[in-house]
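Raw contents of structure25.txt, compact mmCIF, C-alpha atoms and all ligand atoms:
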# COMPACT_ATOMS: atom_id res chain seq x y z
CA MET S 1333 15.95 -4.36 -52.57
CA ASN S 1334 12.68 -5.23 -50.85
CA VAL S 1335 13.35 -5.93 -47.20
CA SER S 1336 10.98 -7.16 -44.49
CA VAL S 1337 11.73 -6.58 -40.83
CA ILE S 1338 9.69 -8.70 -38.42
CA GLY S 1339 9.13 -7.10 -35.01
CA ALA S 1340 8.93 -3.37 -34.27
CA GLY S 1341 10.75 -3.40 -30.94
CA PRO S 1342 13.70 -1.02 -30.61
CA ILE S 1343 16.04 -3.27 -32.59
CA GLY S 1344 13.60 -3.93 -35.44
CA CYS S 1345 12.98 -0.17 -35.69
CA ILE S 1346 16.70 0.66 -35.75
CA ALA S 1347 17.26 -2.05 -38.40
CA ALA S 1348 14.32 -0.78 -40.50
CA TYR S 1349 15.49 2.83 -40.25
CA ASN S 1350 19.02 1.94 -41.37
CA LEU S 1351 17.80 -0.24 -44.23
CA SER S 1352 15.35 2.40 -45.47
CA ARG S 1353 18.22 4.57 -46.68
CA HIS S 1354 18.74 2.27 -49.69
CA ASN S 1355 15.79 -0.16 -49.73
CA ASP S 1356 12.02 -0.49 -49.68
CA VAL S 1357 11.31 -1.64 -46.15
CA SER S 1358 8.18 -3.16 -44.61
CA LEU S 1359 8.15 -3.45 -40.81
CA PHE S 1360 5.76 -6.08 -39.44
CA GLN S 1361 4.47 -5.79 -35.89
CA GLU S 1362 1.93 -8.16 -34.36
CA PRO S 1363 -1.16 -6.24 -33.20
CA ILE S 1364 -0.78 -6.62 -29.46
CA ASP S 1365 -1.14 -4.32 -26.55
CA ARG S 1366 2.56 -4.11 -25.92
CA LYS S 1367 3.82 -3.92 -22.38
CA VAL S 1368 7.46 -3.04 -22.28
CA ARG S 1369 9.62 -5.10 -19.94
CA CYS S 1370 12.73 -3.13 -19.19
CA ALA S 1371 14.66 -1.24 -16.54
CA GLY S 1372 15.35 1.39 -19.19
CA LEU S 1373 18.99 2.05 -18.37
CA ILE S 1374 21.18 2.82 -21.37
CA SER S 1375 24.64 4.30 -21.55
CA LYS S 1376 25.09 7.83 -22.83
CA SER S 1377 28.06 6.64 -24.89
CA GLY S 1378 25.87 3.90 -26.42
CA THR S 1379 23.21 6.36 -27.58
CA GLY S 1380 26.06 8.29 -29.18
CA ARG S 1381 27.31 5.15 -30.92
CA LEU S 1382 23.81 4.61 -32.30
CA GLY S 1383 23.57 8.23 -33.41
CA LEU S 1384 20.39 8.74 -31.38
CA ARG S 1385 19.36 12.24 -30.35
CA LEU S 1386 16.78 11.49 -27.70
CA ARG S 1387 14.11 14.09 -27.04
CA LYS S 1388 13.94 15.40 -23.47
CA SER S 1389 10.68 13.67 -22.55
CA ILE S 1390 12.22 10.20 -23.15
CA ILE S 1391 14.93 10.75 -20.55
CA LYS S 1392 13.46 10.38 -17.07
CA ASN S 1393 16.76 10.68 -15.24
CA LYS S 1394 20.49 10.92 -15.83
CA VAL S 1395 22.94 9.03 -13.65
CA ARG S 1396 26.66 9.45 -13.21
CA GLY S 1397 27.64 6.25 -11.49
CA ALA S 1398 26.79 3.09 -9.60
CA ILE S 1399 26.84 1.98 -5.99
CA LEU S 1400 27.83 -1.67 -5.69
CA ILE S 1401 26.58 -3.36 -2.53
CA SER S 1402 28.05 -6.65 -1.38
CA PRO S 1403 26.05 -9.49 0.23
CA TYR S 1404 27.36 -8.17 3.59
CA ASN S 1405 26.24 -4.60 2.83
CA GLU S 1406 29.70 -3.20 2.08
CA ARG S 1407 29.31 -0.32 -0.38
CA VAL S 1408 31.54 0.79 -3.23
CA GLU S 1409 30.56 4.02 -4.92
CA ILE S 1410 31.80 4.44 -8.48
CA ASP S 1411 31.31 8.09 -9.39
CA GLY S 1412 31.90 8.82 -13.08
CA ARG S 1413 31.64 12.57 -12.24
CA GLU S 1414 29.72 13.21 -15.44
CA ILE S 1415 26.52 11.80 -16.96
CA LYS S 1416 27.17 8.15 -17.80
CA ALA S 1417 23.72 6.73 -18.42
CA TYR S 1418 20.13 7.67 -19.13
CA VAL S 1419 17.07 6.23 -17.45
CA ILE S 1420 14.53 6.19 -20.24
CA ASP S 1421 10.80 5.77 -20.65
CA ARG S 1422 10.92 2.60 -22.77
CA ASN S 1423 7.44 3.10 -24.27
CA GLU S 1424 8.32 6.57 -25.47
CA PHE S 1425 11.76 5.42 -26.62
CA ASP S 1426 10.22 2.63 -28.72
CA GLU S 1427 7.64 5.06 -30.17
CA PHE S 1428 10.40 7.51 -31.03
CA LEU S 1429 12.36 4.83 -32.91
CA LEU S 1430 9.23 3.69 -34.75
CA GLU S 1431 8.30 7.26 -35.79
CA ARG S 1432 11.86 7.84 -36.97
CA ALA S 1433 11.69 4.73 -39.15
CA ILE S 1434 8.27 5.66 -40.59
CA ASP S 1435 9.41 9.23 -41.27
CA ASN S 1436 12.27 7.73 -43.25
CA GLY S 1437 9.89 5.83 -45.52
CA VAL S 1438 9.42 2.51 -43.69
CA GLU S 1439 5.96 1.00 -44.16
CA LEU S 1440 4.48 -0.30 -40.89
CA VAL S 1441 2.23 -3.33 -41.30
CA GLU S 1442 0.23 -4.52 -38.28
CA ARG S 1443 0.40 -8.25 -38.73
CA ARG S 1444 1.74 -11.26 -36.91
CA ILE S 1445 4.10 -13.12 -39.21
CA SER S 1446 3.96 -16.91 -39.29
CA LYS S 1447 6.19 -19.47 -40.96
CA ASN S 1448 3.89 -19.54 -44.02
CA ASP S 1449 3.93 -15.75 -44.31
CA ILE S 1450 7.75 -15.86 -44.45
CA LYS S 1451 7.55 -18.11 -47.49
CA ASN S 1452 5.11 -15.73 -49.20
CA LEU S 1453 6.83 -12.46 -48.40
CA ASN S 1454 8.14 -10.99 -51.60
CA SER S 1455 11.41 -9.89 -49.99
CA ASP S 1456 15.06 -10.13 -50.92
CA ARG S 1457 16.02 -10.06 -47.24
CA ILE S 1458 14.12 -10.83 -44.04
CA ILE S 1459 15.27 -9.51 -40.70
CA ILE S 1460 13.94 -11.34 -37.66
CA ALA S 1461 13.79 -8.97 -34.67
CA THR S 1462 11.02 -10.68 -32.74
CA GLY S 1463 12.69 -10.33 -29.33
CA THR S 1464 12.29 -13.21 -26.91
CA ASN S 1465 9.36 -14.71 -28.77
CA TYR S 1466 11.27 -17.54 -30.42
CA ASN S 1467 8.27 -19.34 -31.99
CA LEU S 1468 8.95 -18.10 -35.50
CA GLN S 1469 12.62 -19.07 -35.36
CA LYS S 1470 11.77 -22.50 -34.01
CA LYS S 1471 9.14 -23.10 -36.71
CA LEU S 1472 11.60 -22.02 -39.40
CA GLY S 1473 14.14 -24.47 -38.01
CA ILE S 1474 16.77 -21.82 -37.36
CA ASN S 1475 18.57 -21.51 -34.07
CA SER S 1476 17.70 -19.33 -31.10
CA PRO S 1477 19.26 -18.68 -27.67
CA ARG S 1478 18.98 -21.62 -25.30
CA GLU S 1479 19.84 -20.13 -21.93
CA PHE S 1480 17.89 -17.40 -20.16
CA LEU S 1481 17.56 -15.22 -17.11
CA VAL S 1482 14.17 -14.19 -15.83
CA GLY S 1483 13.70 -10.57 -14.80
CA ALA S 1484 11.16 -9.04 -12.44
CA GLN S 1485 10.72 -5.40 -11.60
CA TYR S 1486 8.47 -3.21 -9.44
CA VAL S 1487 8.11 0.53 -9.77
CA MET S 1488 7.86 2.07 -6.30
CA LYS S 1489 8.74 5.08 -4.19
CA VAL S 1490 12.17 4.38 -2.73
CA ASP S 1491 14.54 6.60 -0.85
CA CYS S 1492 17.61 6.74 -3.12
CA ASP S 1493 20.23 9.01 -4.61
CA ASP S 1494 19.03 10.29 -8.01
CA ASP S 1495 22.57 10.38 -9.39
CA PHE S 1496 23.41 6.70 -8.90
CA VAL S 1497 21.99 3.30 -9.71
CA GLU S 1498 22.39 0.69 -6.98
CA LEU S 1499 23.48 -2.86 -7.69
CA HIS S 1500 22.96 -5.24 -4.78
CA PHE S 1501 24.76 -8.57 -5.13
CA ASN S 1502 22.12 -10.47 -3.18
CA VAL S 1503 20.70 -12.87 -5.79
CA PRO S 1504 22.35 -16.12 -6.90
CA GLY S 1505 23.92 -15.59 -10.31
CA PHE S 1506 22.98 -11.95 -10.74
CA PHE S 1507 22.19 -8.76 -8.81
CA SER S 1508 19.23 -6.63 -7.80
CA TRP S 1509 18.97 -3.06 -9.04
CA ILE S 1510 17.47 0.19 -7.85
CA ILE S 1511 17.23 2.68 -10.69
CA PRO S 1512 16.00 6.15 -9.77
CA THR S 1513 13.59 7.76 -12.23
CA ASP S 1514 11.83 11.11 -11.92
CA ASP S 1515 9.42 10.36 -9.05
CA TYR S 1516 9.85 6.64 -8.53
CA ALA S 1517 12.52 3.97 -8.62
CA ARG S 1518 12.65 0.77 -10.64
CA VAL S 1519 13.46 -2.04 -8.24
CA GLY S 1520 14.22 -5.30 -9.94
CA LEU S 1521 16.45 -8.29 -10.41
CA CYS S 1522 17.21 -11.25 -12.60
CA SER S 1523 17.54 -14.85 -11.68
CA LYS S 1524 17.86 -18.26 -13.29
CA ARG S 1525 14.75 -19.34 -11.41
CA ASN S 1526 11.47 -17.63 -10.51
CA PRO S 1527 12.64 -14.09 -9.58
CA THR S 1528 9.53 -13.01 -7.65
CA PRO S 1529 10.42 -14.53 -4.23
CA TYR S 1530 13.86 -12.86 -4.42
CA LEU S 1531 12.29 -9.53 -5.37
CA GLU S 1532 9.72 -9.77 -2.57
CA LYS S 1533 12.54 -10.49 -0.13
CA PHE S 1534 14.57 -7.54 -1.43
CA VAL S 1535 11.59 -5.20 -1.11
CA ARG S 1536 10.95 -6.44 2.46
CA GLU S 1537 14.58 -5.71 3.30
CA LEU S 1538 14.34 -2.20 1.86
CA LYS S 1539 11.18 -1.69 3.92
CA ARG S 1540 12.93 -2.88 7.09
CA ASN S 1541 15.66 -0.33 6.41
CA GLY S 1542 13.04 2.40 6.10
CA ARG S 1543 13.75 3.02 2.41
CA ILE S 1544 10.32 2.29 0.98
CA LYS S 1545 8.23 5.46 1.18
CA SER S 1546 4.95 3.85 0.15
CA ASP S 1547 3.81 0.23 -0.20
CA ARG S 1548 2.10 1.04 -3.48
CA ILE S 1549 3.56 -0.74 -6.48
CA ILE S 1550 2.89 1.49 -9.48
CA ASP S 1551 3.87 -1.07 -12.08
CA ARG S 1552 5.15 -4.64 -12.20
CA ASN S 1553 6.90 -6.25 -15.10
CA PHE S 1554 8.46 -9.56 -15.85
CA GLY S 1555 10.41 -10.80 -18.82
CA ILE S 1556 13.10 -13.09 -20.04
CA ILE S 1557 16.60 -12.16 -21.06
CA PRO S 1558 18.59 -14.40 -23.41
CA ILE S 1559 22.16 -15.22 -22.43
CA TYR S 1560 24.57 -14.58 -25.26
CA ASN S 1561 25.89 -17.66 -27.01
CA PRO S 1562 28.96 -16.97 -29.16
CA LYS S 1563 28.17 -20.01 -31.32
CA ILE S 1564 24.76 -18.75 -32.41
CA ARG S 1565 24.40 -18.42 -36.18
CA THR S 1566 22.61 -15.23 -37.19
CA ASP S 1567 22.99 -15.22 -40.99
CA TYR S 1568 20.92 -17.66 -43.03
CA GLY S 1569 21.48 -15.95 -46.38
CA LYS S 1570 18.13 -14.33 -46.96
CA ILE S 1571 17.16 -14.43 -43.27
CA LEU S 1572 19.08 -12.60 -40.53
CA LEU S 1573 18.58 -12.57 -36.76
CA VAL S 1574 19.19 -9.43 -34.67
CA GLY S 1575 18.61 -8.15 -31.13
CA ASP S 1576 17.15 -10.48 -28.50
CA SER S 1577 16.30 -12.94 -31.32
CA ALA S 1578 20.04 -13.38 -31.77
CA GLY S 1579 20.91 -13.08 -28.07
CA HIS S 1580 22.71 -9.74 -28.61
CA VAL S 1581 22.56 -9.01 -24.89
CA LYS S 1582 25.27 -8.29 -22.31
CA ALA S 1583 25.09 -11.31 -20.02
CA SER S 1584 26.62 -9.49 -17.05
CA THR S 1585 23.97 -6.73 -16.99
CA GLY S 1586 21.01 -7.97 -19.07
CA GLY S 1587 21.21 -4.86 -21.29
CA GLY S 1588 20.33 -5.49 -24.94
CA ILE S 1589 19.29 -2.14 -26.40
CA ILE S 1590 22.69 -0.71 -27.28
CA THR S 1591 24.33 -4.00 -28.32
CA GLY S 1592 21.28 -5.08 -30.36
CA GLY S 1593 21.15 -1.59 -31.86
CA ILE S 1594 24.80 -1.76 -32.89
CA ALA S 1595 24.23 -5.15 -34.57
CA ALA S 1596 21.18 -3.64 -36.31
CA ASN S 1597 23.49 -1.11 -37.96
CA PHE S 1598 24.94 -3.96 -40.05
CA VAL S 1599 21.80 -5.73 -41.28
CA GLY S 1600 22.14 -4.09 -44.70
CA ASP S 1601 25.65 -5.44 -45.10
CA ILE S 1602 26.42 -8.53 -47.12
CA GLU S 1603 28.90 -9.55 -44.39
CA TYR S 1604 26.40 -9.06 -41.57
CA GLU S 1605 27.64 -11.86 -39.31
CA TYR S 1606 31.30 -10.91 -39.72
CA LYS S 1607 30.60 -7.21 -39.18
CA TRP S 1608 28.55 -7.44 -35.98
CA ARG S 1609 30.99 -9.96 -34.49
CA LYS S 1610 33.91 -7.68 -35.28
CA GLU S 1611 32.16 -4.73 -33.62
CA ILE S 1612 30.59 -6.32 -30.52
CA GLY S 1613 31.40 -10.06 -30.52
CA ARG S 1614 34.41 -9.73 -28.24
CA GLU S 1615 32.55 -7.46 -25.81
CA LEU S 1616 29.53 -9.78 -25.64
CA PHE S 1617 31.87 -12.69 -24.99
CA LEU S 1618 33.66 -10.80 -22.20
CA HIS S 1619 30.31 -9.93 -20.59
CA LEU S 1620 29.47 -13.63 -20.78
CA LEU S 1621 32.73 -14.57 -19.04
CA ILE S 1622 32.14 -11.94 -16.34
CA HIS S 1623 28.59 -13.28 -15.84
CA ARG S 1624 29.85 -16.87 -15.59
CA PHE S 1625 32.61 -15.84 -13.16
CA LEU S 1626 30.37 -13.75 -10.89
CA SER S 1627 27.54 -16.26 -10.89
CA ARG S 1628 29.83 -18.91 -9.42
CA LEU S 1629 31.35 -16.79 -6.67
CA SER S 1630 30.22 -17.28 -3.08
CA ALA S 1631 28.99 -14.30 -1.06
CA LYS S 1632 32.40 -14.13 0.64
CA ASN S 1633 34.24 -13.95 -2.65
CA ILE S 1634 31.85 -11.37 -4.12
CA SER S 1635 32.59 -9.30 -1.04
CA ARG S 1636 36.35 -9.89 -1.48
CA LEU S 1637 36.14 -8.80 -5.14
CA LEU S 1638 34.10 -5.67 -4.37
CA THR S 1639 36.55 -4.70 -1.64
CA LEU S 1640 39.36 -4.96 -4.20
CA LEU S 1641 37.38 -2.96 -6.78
CA GLY S 1642 36.70 -0.39 -4.07
CA GLU S 1643 40.44 0.13 -3.57
CA TYR S 1644 40.92 0.74 -7.29
CA LYS S 1645 37.61 2.40 -8.06
CA HIS S 1646 39.41 5.51 -9.37
CA ILE S 1647 40.36 3.39 -12.41
CA LEU S 1648 36.74 2.53 -13.15
CA GLU S 1649 35.67 6.10 -12.43
CA LYS S 1650 38.12 7.33 -15.06
CA ASN S 1651 37.69 4.61 -17.70
CA GLY S 1652 34.38 2.93 -16.91
CA ASP S 1653 31.88 2.19 -19.68
CA MET S 1654 28.69 0.15 -19.15
CA ASP S 1655 28.95 -1.47 -22.56
CA ILE S 1656 32.66 -1.85 -23.21
CA ALA S 1657 33.78 -4.46 -20.68
CA SER S 1658 37.22 -4.75 -22.30
CA ARG S 1659 37.96 -1.10 -21.53
CA ASN S 1660 37.22 -1.62 -17.81
CA MET S 1661 39.18 -4.87 -17.63
CA THR S 1662 42.20 -3.54 -19.55
CA ALA S 1663 42.36 -0.44 -17.38
CA LEU S 1664 42.18 -2.51 -14.17
CA PHE S 1665 44.69 -5.17 -15.24
CA LYS S 1666 47.13 -2.57 -16.57
CA ASN S 1667 47.54 -1.45 -12.97
CA PRO S 1668 50.25 -3.73 -11.54
CA LYS S 1669 49.06 -3.39 -7.93
CA PHE S 1670 45.51 -4.39 -8.85
CA MET S 1671 46.85 -7.27 -10.92
CA VAL S 1672 48.98 -8.60 -8.03
CA LYS S 1673 46.11 -8.36 -5.54
CA PHE S 1674 43.73 -10.05 -7.98
CA ILE S 1675 46.22 -12.88 -8.50
CA LEU S 1676 46.63 -13.24 -4.71
CA ASN S 1677 42.84 -13.61 -4.46
CA LEU S 1678 42.71 -16.25 -7.19
CA PRO S 1679 43.09 -19.25 -4.85
CA PHE S 1680 39.96 -18.08 -2.97
CA TYR S 1681 37.99 -17.61 -6.22
CA ALA S 1682 39.27 -20.95 -7.50
CA LEU S 1683 37.56 -22.75 -4.60
CA ASP S 1684 34.22 -21.56 -6.02
CA LEU S 1685 35.11 -22.17 -9.64
CA LEU S 1686 36.41 -25.71 -9.32
C1 LIG S 1701 13.27 -7.03 -16.70
C2 LIG S 1701 14.10 -6.55 -17.86
C3 LIG S 1701 14.91 -5.43 -17.73
C4 LIG S 1701 15.69 -4.98 -18.79
N1 LIG S 1701 16.44 -3.86 -18.61
C5 LIG S 1701 17.20 -3.40 -19.63
C6 LIG S 1701 17.96 -2.20 -19.47
O1 LIG S 1701 17.93 -1.52 -18.42
N2 LIG S 1701 18.73 -1.78 -20.53
C7 LIG S 1701 18.80 -2.49 -21.70
O2 LIG S 1701 19.54 -2.10 -22.62
N3 LIG S 1701 18.06 -3.62 -21.87
C8 LIG S 1701 17.28 -4.09 -20.88
N4 LIG S 1701 16.52 -5.23 -21.05
C9 LIG S 1701 16.62 -5.94 -22.33
C10 LIG S 1701 15.83 -5.19 -23.41
O3 LIG S 1701 14.51 -5.01 -22.97
C11 LIG S 1701 15.86 -6.03 -24.71
O4 LIG S 1701 17.21 -6.33 -25.02
C12 LIG S 1701 15.23 -5.26 -25.87
O5 LIG S 1701 13.87 -5.04 -25.65
C13 LIG S 1701 15.40 -6.10 -27.16
O6 LIG S 1701 14.72 -5.46 -28.21
P1 LIG S 1701 14.17 -6.30 -29.46
O7 LIG S 1701 13.67 -5.27 -30.42
O8 LIG S 1701 15.19 -7.28 -29.88
O9 LIG S 1701 12.95 -7.16 -28.87
P2 LIG S 1701 11.55 -6.67 -28.28
O10 LIG S 1701 11.68 -5.38 -27.58
O11 LIG S 1701 11.02 -7.83 -27.50
O12 LIG S 1701 10.63 -6.47 -29.58
C14 LIG S 1701 10.24 -7.55 -30.38
C15 LIG S 1701 8.96 -7.17 -31.09
O13 LIG S 1701 8.61 -8.18 -32.05
C16 LIG S 1701 7.21 -8.39 -32.01
N5 LIG S 1701 6.94 -9.74 -32.55
C17 LIG S 1701 7.29 -10.93 -31.98
N6 LIG S 1701 6.94 -11.95 -32.78
C18 LIG S 1701 6.35 -11.40 -33.89
C19 LIG S 1701 5.79 -11.95 -35.08
N7 LIG S 1701 5.77 -13.25 -35.32
N8 LIG S 1701 5.27 -11.08 -36.01
C20 LIG S 1701 5.30 -9.74 -35.79
N9 LIG S 1701 5.82 -9.17 -34.69
C21 LIG S 1701 6.36 -9.99 -33.74
C22 LIG S 1701 6.87 -8.25 -30.54
O14 LIG S 1701 5.50 -7.96 -30.36
C23 LIG S 1701 7.76 -7.07 -30.14
O15 LIG S 1701 7.11 -5.85 -30.35
C24 LIG S 1701 15.72 -5.69 -20.02
C25 LIG S 1701 14.90 -6.83 -20.16
C26 LIG S 1701 14.11 -7.26 -19.11
C27 LIG S 1701 13.25 -8.48 -19.29

Structure rendered as structure tokens:
Amino acid sequence: MNVSVIGAGPIGCIAAYNLSRHNDVSLFQEPIDRKVRCAGLISKSGTGRLGLRLRKSIIKNKVRGAILISPYNERVEIDGREIKAYVIDRNEFDEFLLERAIDNGVELVERRISKNDIKNLNSDRIIIATGTNYNLQKKLGINSPREFLVGAQYVMKVDCDDDFVELHFNVPGFFSWIIPTDDYARVGLCSKRNPTPYLEKFVRELKRNGRIKSDRIIDRNFGIIPIYNPKIRTDYGKILLVGDSAGHVKASTGGGIITGGIAANFVGDIEYEYKWRKEIGRELFLHLLIHRFLSRLSAKNISRLLTLLGEYKHILEKNGDMDIASRNMTALFKNPKFMVKFILNLPFYALDLL
């Protein structure tokens, strides 16, 4: 088969690489000076699921856990006691995936694809992996995600523990992160509205606490993150959607590399939609429910929930996985004491949810 993949982001490259085993594949990338917008945190287990052997220079740091910080500064440290996630250089990661695809016979074409080009492409299958640029989808009259978060991130020198990422629950509907890299930290957050004022406020707070070593901001990036919609149709016969184009993103964390990559493993399959849903549909839906639940909780209830998680953190430390929400939830709710305490808290949560 002749297959065209539109968009050479990580998901387009993974799709093209997989397809090139049995097909002639052209990978179209618009000629732009690409600036990657990403915190670059991916699970170690996820890279394993994608069969990626990352070269050393891509991995800027390895972390073994997360410190959750409530709106009242209570801290819960979840220590996985082994490497759980990689902090990657996204530019190098994307280049690595592109080279891998080209080495496997994929033809890279530097061209922006328009609606008319789609009609003229001599392809049996067209994979749309154009990320959060939804123009092409809209022009073709096929659906695209409707709900978004906006992310903002500064790269700065921050005093932090190299082994842990920090998640501060100090933004409405999401959290702020501090991700340690080799020399710097990525300080960012997502929000439904303009994230910059929240980020500025967070940075000022870190400064007040003496954690910012230098005022210099090495890099700034901003980008949108689609919120997963379980109803989205991704298979239009000849045309398939994958990655951010399809909203294959974990709503509770904003991570889309591993989930999009897993979906990209199925683009060669005749039952694409069925296959990706079977593999990650339930997880994406659970992440969506967690996002919806957390984004409605008041500061008091976030604090209440983190205190409870703190009591049972050994469960997350043993079973935790950044991508597989069901594993974390099942492990927690299998513990009768946790379950009872969670149920006793429900009336408090309900006040926020109603
Ligand atoms: C602030 C921020 C932080 C994030 N942090 C993380 C994180 O820590 N971990 C994680 O897993 N995910 C993270 N994400 C999400 C992650 O960046 C995306 O899920 C991922 O980039 C999706 O890859 P993609 O290939 O689908 O899209 P993209 O990476 O956007 O690639 C799409 C490509 O298509 C090209 N293109 C678009 N239109 C056309 C066209 N018409 N013709 C030709 N080419 C076209 C674009 O130029 C681009 O190169 C973050 C996102 C943001 C905004």

At most 7 Å is the cut-off: for each residue in chain S with any atom that close to an atom of ligand LIG 1701 (chain S), write down the nearest atom pair and the distance in Å rounded to one decimal, counting all atoms listed in the file, chain first then increasing number, as CSV.
residue,atom,partner,partner_atom,distance
S:Ile1338,CA,S:LIG1701,C20,5.2
S:Gly1339,CA,S:LIG1701,O13,3.2
S:Ala1340,CA,S:LIG1701,C15,5.0
S:Gly1341,CA,S:LIG1701,O12,3.4
S:Pro1342,CA,S:LIG1701,O7,4.3
S:Ile1343,CA,S:LIG1701,O7,3.8
S:Gly1344,CA,S:LIG1701,O7,5.2
S:Phe1360,CA,S:LIG1701,C20,5.2
S:Gln1361,CA,S:LIG1701,N9,3.8
S:Glu1362,CA,S:LIG1701,C20,4.0
S:Ile1364,CA,S:LIG1701,O14,6.5
S:Arg1366,CA,S:LIG1701,O14,6.6
S:Arg1369,CA,S:LIG1701,C27,5.0
S:Cys1370,CA,S:LIG1701,C3,3.5
S:Ala1371,CA,S:LIG1701,O1,3.8
S:Gly1372,CA,S:LIG1701,O1,4.0
S:Leu1373,CA,S:LIG1701,O1,3.7
S:Ile1374,CA,S:LIG1701,N2,5.3
S:Arg1443,CA,S:LIG1701,C20,5.9
S:Arg1444,CA,S:LIG1701,N8,3.6
S:Ile1445,CA,S:LIG1701,N8,4.0
S:Ser1446,CA,S:LIG1701,N7,5.7
S:Ala1461,CA,S:LIG1701,O8,5.3
S:Thr1462,CA,S:LIG1701,O13,3.5
S:Gly1463,CA,S:LIG1701,O9,3.2
S:Thr1464,CA,S:LIG1701,O11,5.6
S:Asn1465,CA,S:LIG1701,C17,5.4
S:Leu1468,CA,S:LIG1701,N7,5.8
S:Val1482,CA,S:LIG1701,C27,6.7
S:Gly1483,CA,S:LIG1701,C1,4.0
S:Ala1484,CA,S:LIG1701,C1,5.2
S:Gln1485,CA,S:LIG1701,C1,5.9
S:Asn1553,CA,S:LIG1701,C1,6.6
S:Phe1554,CA,S:LIG1701,C1,5.5
S:Gly1555,CA,S:LIG1701,C27,3.7
S:Ile1556,CA,S:LIG1701,C27,4.7
S:Ile1557,CA,S:LIG1701,C27,5.3
S:Val1574,CA,S:LIG1701,O8,6.6
S:Gly1575,CA,S:LIG1701,O8,3.7
S:Asp1576,CA,S:LIG1701,O8,4.0
S:Ser1577,CA,S:LIG1701,O8,5.9
S:Val1581,CA,S:LIG1701,O4,6.0
S:Gly1586,CA,S:LIG1701,N4,5.6
S:Gly1587,CA,S:LIG1701,C7,3.4
S:Gly1588,CA,S:LIG1701,O4,3.2
S:Ile1589,CA,S:LIG1701,O2,3.8
S:Ile1590,CA,S:LIG1701,O2,5.8
S:Gly1592,CA,S:LIG1701,O8,6.5

Given the selection you just returned, output its residues as a file containing C-alpha atoms, formatted as an mmCIF file, keeping the file's coordinate frame.
data_model
loop_
_atom_site.group_PDB
_atom_site.id
_atom_site.type_symbol
_atom_site.label_atom_id
_atom_site.label_comp_id
_atom_site.auth_asym_id
_atom_site.auth_seq_id
_atom_site.Cartn_x
_atom_site.Cartn_y
_atom_site.Cartn_z
ATOM 1 C CA ILE S 1338 9.690 -8.700 -38.420
ATOM 2 C CA GLY S 1339 9.130 -7.100 -35.010
ATOM 3 C CA ALA S 1340 8.930 -3.370 -34.270
ATOM 4 C CA GLY S 1341 10.750 -3.400 -30.940
ATOM 5 C CA PRO S 1342 13.700 -1.020 -30.610
ATOM 6 C CA ILE S 1343 16.040 -3.270 -32.590
ATOM 7 C CA GLY S 1344 13.600 -3.930 -35.440
ATOM 8 C CA PHE S 1360 5.760 -6.080 -39.440
ATOM 9 C CA GLN S 1361 4.470 -5.790 -35.890
ATOM 10 C CA GLU S 1362 1.930 -8.160 -34.360
ATOM 11 C CA ILE S 1364 -0.780 -6.620 -29.460
ATOM 12 C CA ARG S 1366 2.560 -4.110 -25.920
ATOM 13 C CA ARG S 1369 9.620 -5.100 -19.940
ATOM 14 C CA CYS S 1370 12.730 -3.130 -19.190
ATOM 15 C CA ALA S 1371 14.660 -1.240 -16.540
ATOM 16 C CA GLY S 1372 15.350 1.390 -19.190
ATOM 17 C CA LEU S 1373 18.990 2.050 -18.370
ATOM 18 C CA ILE S 1374 21.180 2.820 -21.370
ATOM 19 C CA ARG S 1443 0.400 -8.250 -38.730
ATOM 20 C CA ARG S 1444 1.740 -11.260 -36.910
ATOM 21 C CA ILE S 1445 4.100 -13.120 -39.210
ATOM 22 C CA SER S 1446 3.960 -16.910 -39.290
ATOM 23 C CA ALA S 1461 13.790 -8.970 -34.670
ATOM 24 C CA THR S 1462 11.020 -10.680 -32.740
ATOM 25 C CA GLY S 1463 12.690 -10.330 -29.330
ATOM 26 C CA THR S 1464 12.290 -13.210 -26.910
ATOM 27 C CA ASN S 1465 9.360 -14.710 -28.770
ATOM 28 C CA LEU S 1468 8.950 -18.100 -35.500
ATOM 29 C CA VAL S 1482 14.170 -14.190 -15.830
ATOM 30 C CA GLY S 1483 13.700 -10.570 -14.800
ATOM 31 C CA ALA S 1484 11.160 -9.040 -12.440
ATOM 32 C CA GLN S 1485 10.720 -5.400 -11.600
ATOM 33 C CA ASN S 1553 6.900 -6.250 -15.100
ATOM 34 C CA PHE S 1554 8.460 -9.560 -15.850
ATOM 35 C CA GLY S 1555 10.410 -10.800 -18.820
ATOM 36 C CA ILE S 1556 13.100 -13.090 -20.040
ATOM 37 C CA ILE S 1557 16.600 -12.160 -21.060
ATOM 38 C CA VAL S 1574 19.190 -9.430 -34.670
ATOM 39 C CA GLY S 1575 18.610 -8.150 -31.130
ATOM 40 C CA ASP S 1576 17.150 -10.480 -28.500
ATOM 41 C CA SER S 1577 16.300 -12.940 -31.320
ATOM 42 C CA VAL S 1581 22.560 -9.010 -24.890
ATOM 43 C CA GLY S 1586 21.010 -7.970 -19.070
ATOM 44 C CA GLY S 1587 21.210 -4.860 -21.290
ATOM 45 C CA GLY S 1588 20.330 -5.490 -24.940
ATOM 46 C CA ILE S 1589 19.290 -2.140 -26.400
ATOM 47 C CA ILE S 1590 22.690 -0.710 -27.280
ATOM 48 C CA GLY S 1592 21.280 -5.080 -30.360
#

Using 3 Å of padding on each side, determine the axis-aligned box around all atoms of stretch 1667-1685 of chain S present in the file and give its centre and edge lengths in Å to one decimal, as AutoDock Vina command-line options.
--center_x 42.2 --center_y -12.1 --center_z -8.0 --size_x 22.0 --size_y 27.3 --size_z 16.0

Requested in this report: Quote the spacing between atom CA of S:Gly1437 and atom CA of S:Tyr1349 in Å to one decimal place.
Outcome: 8.3 Å
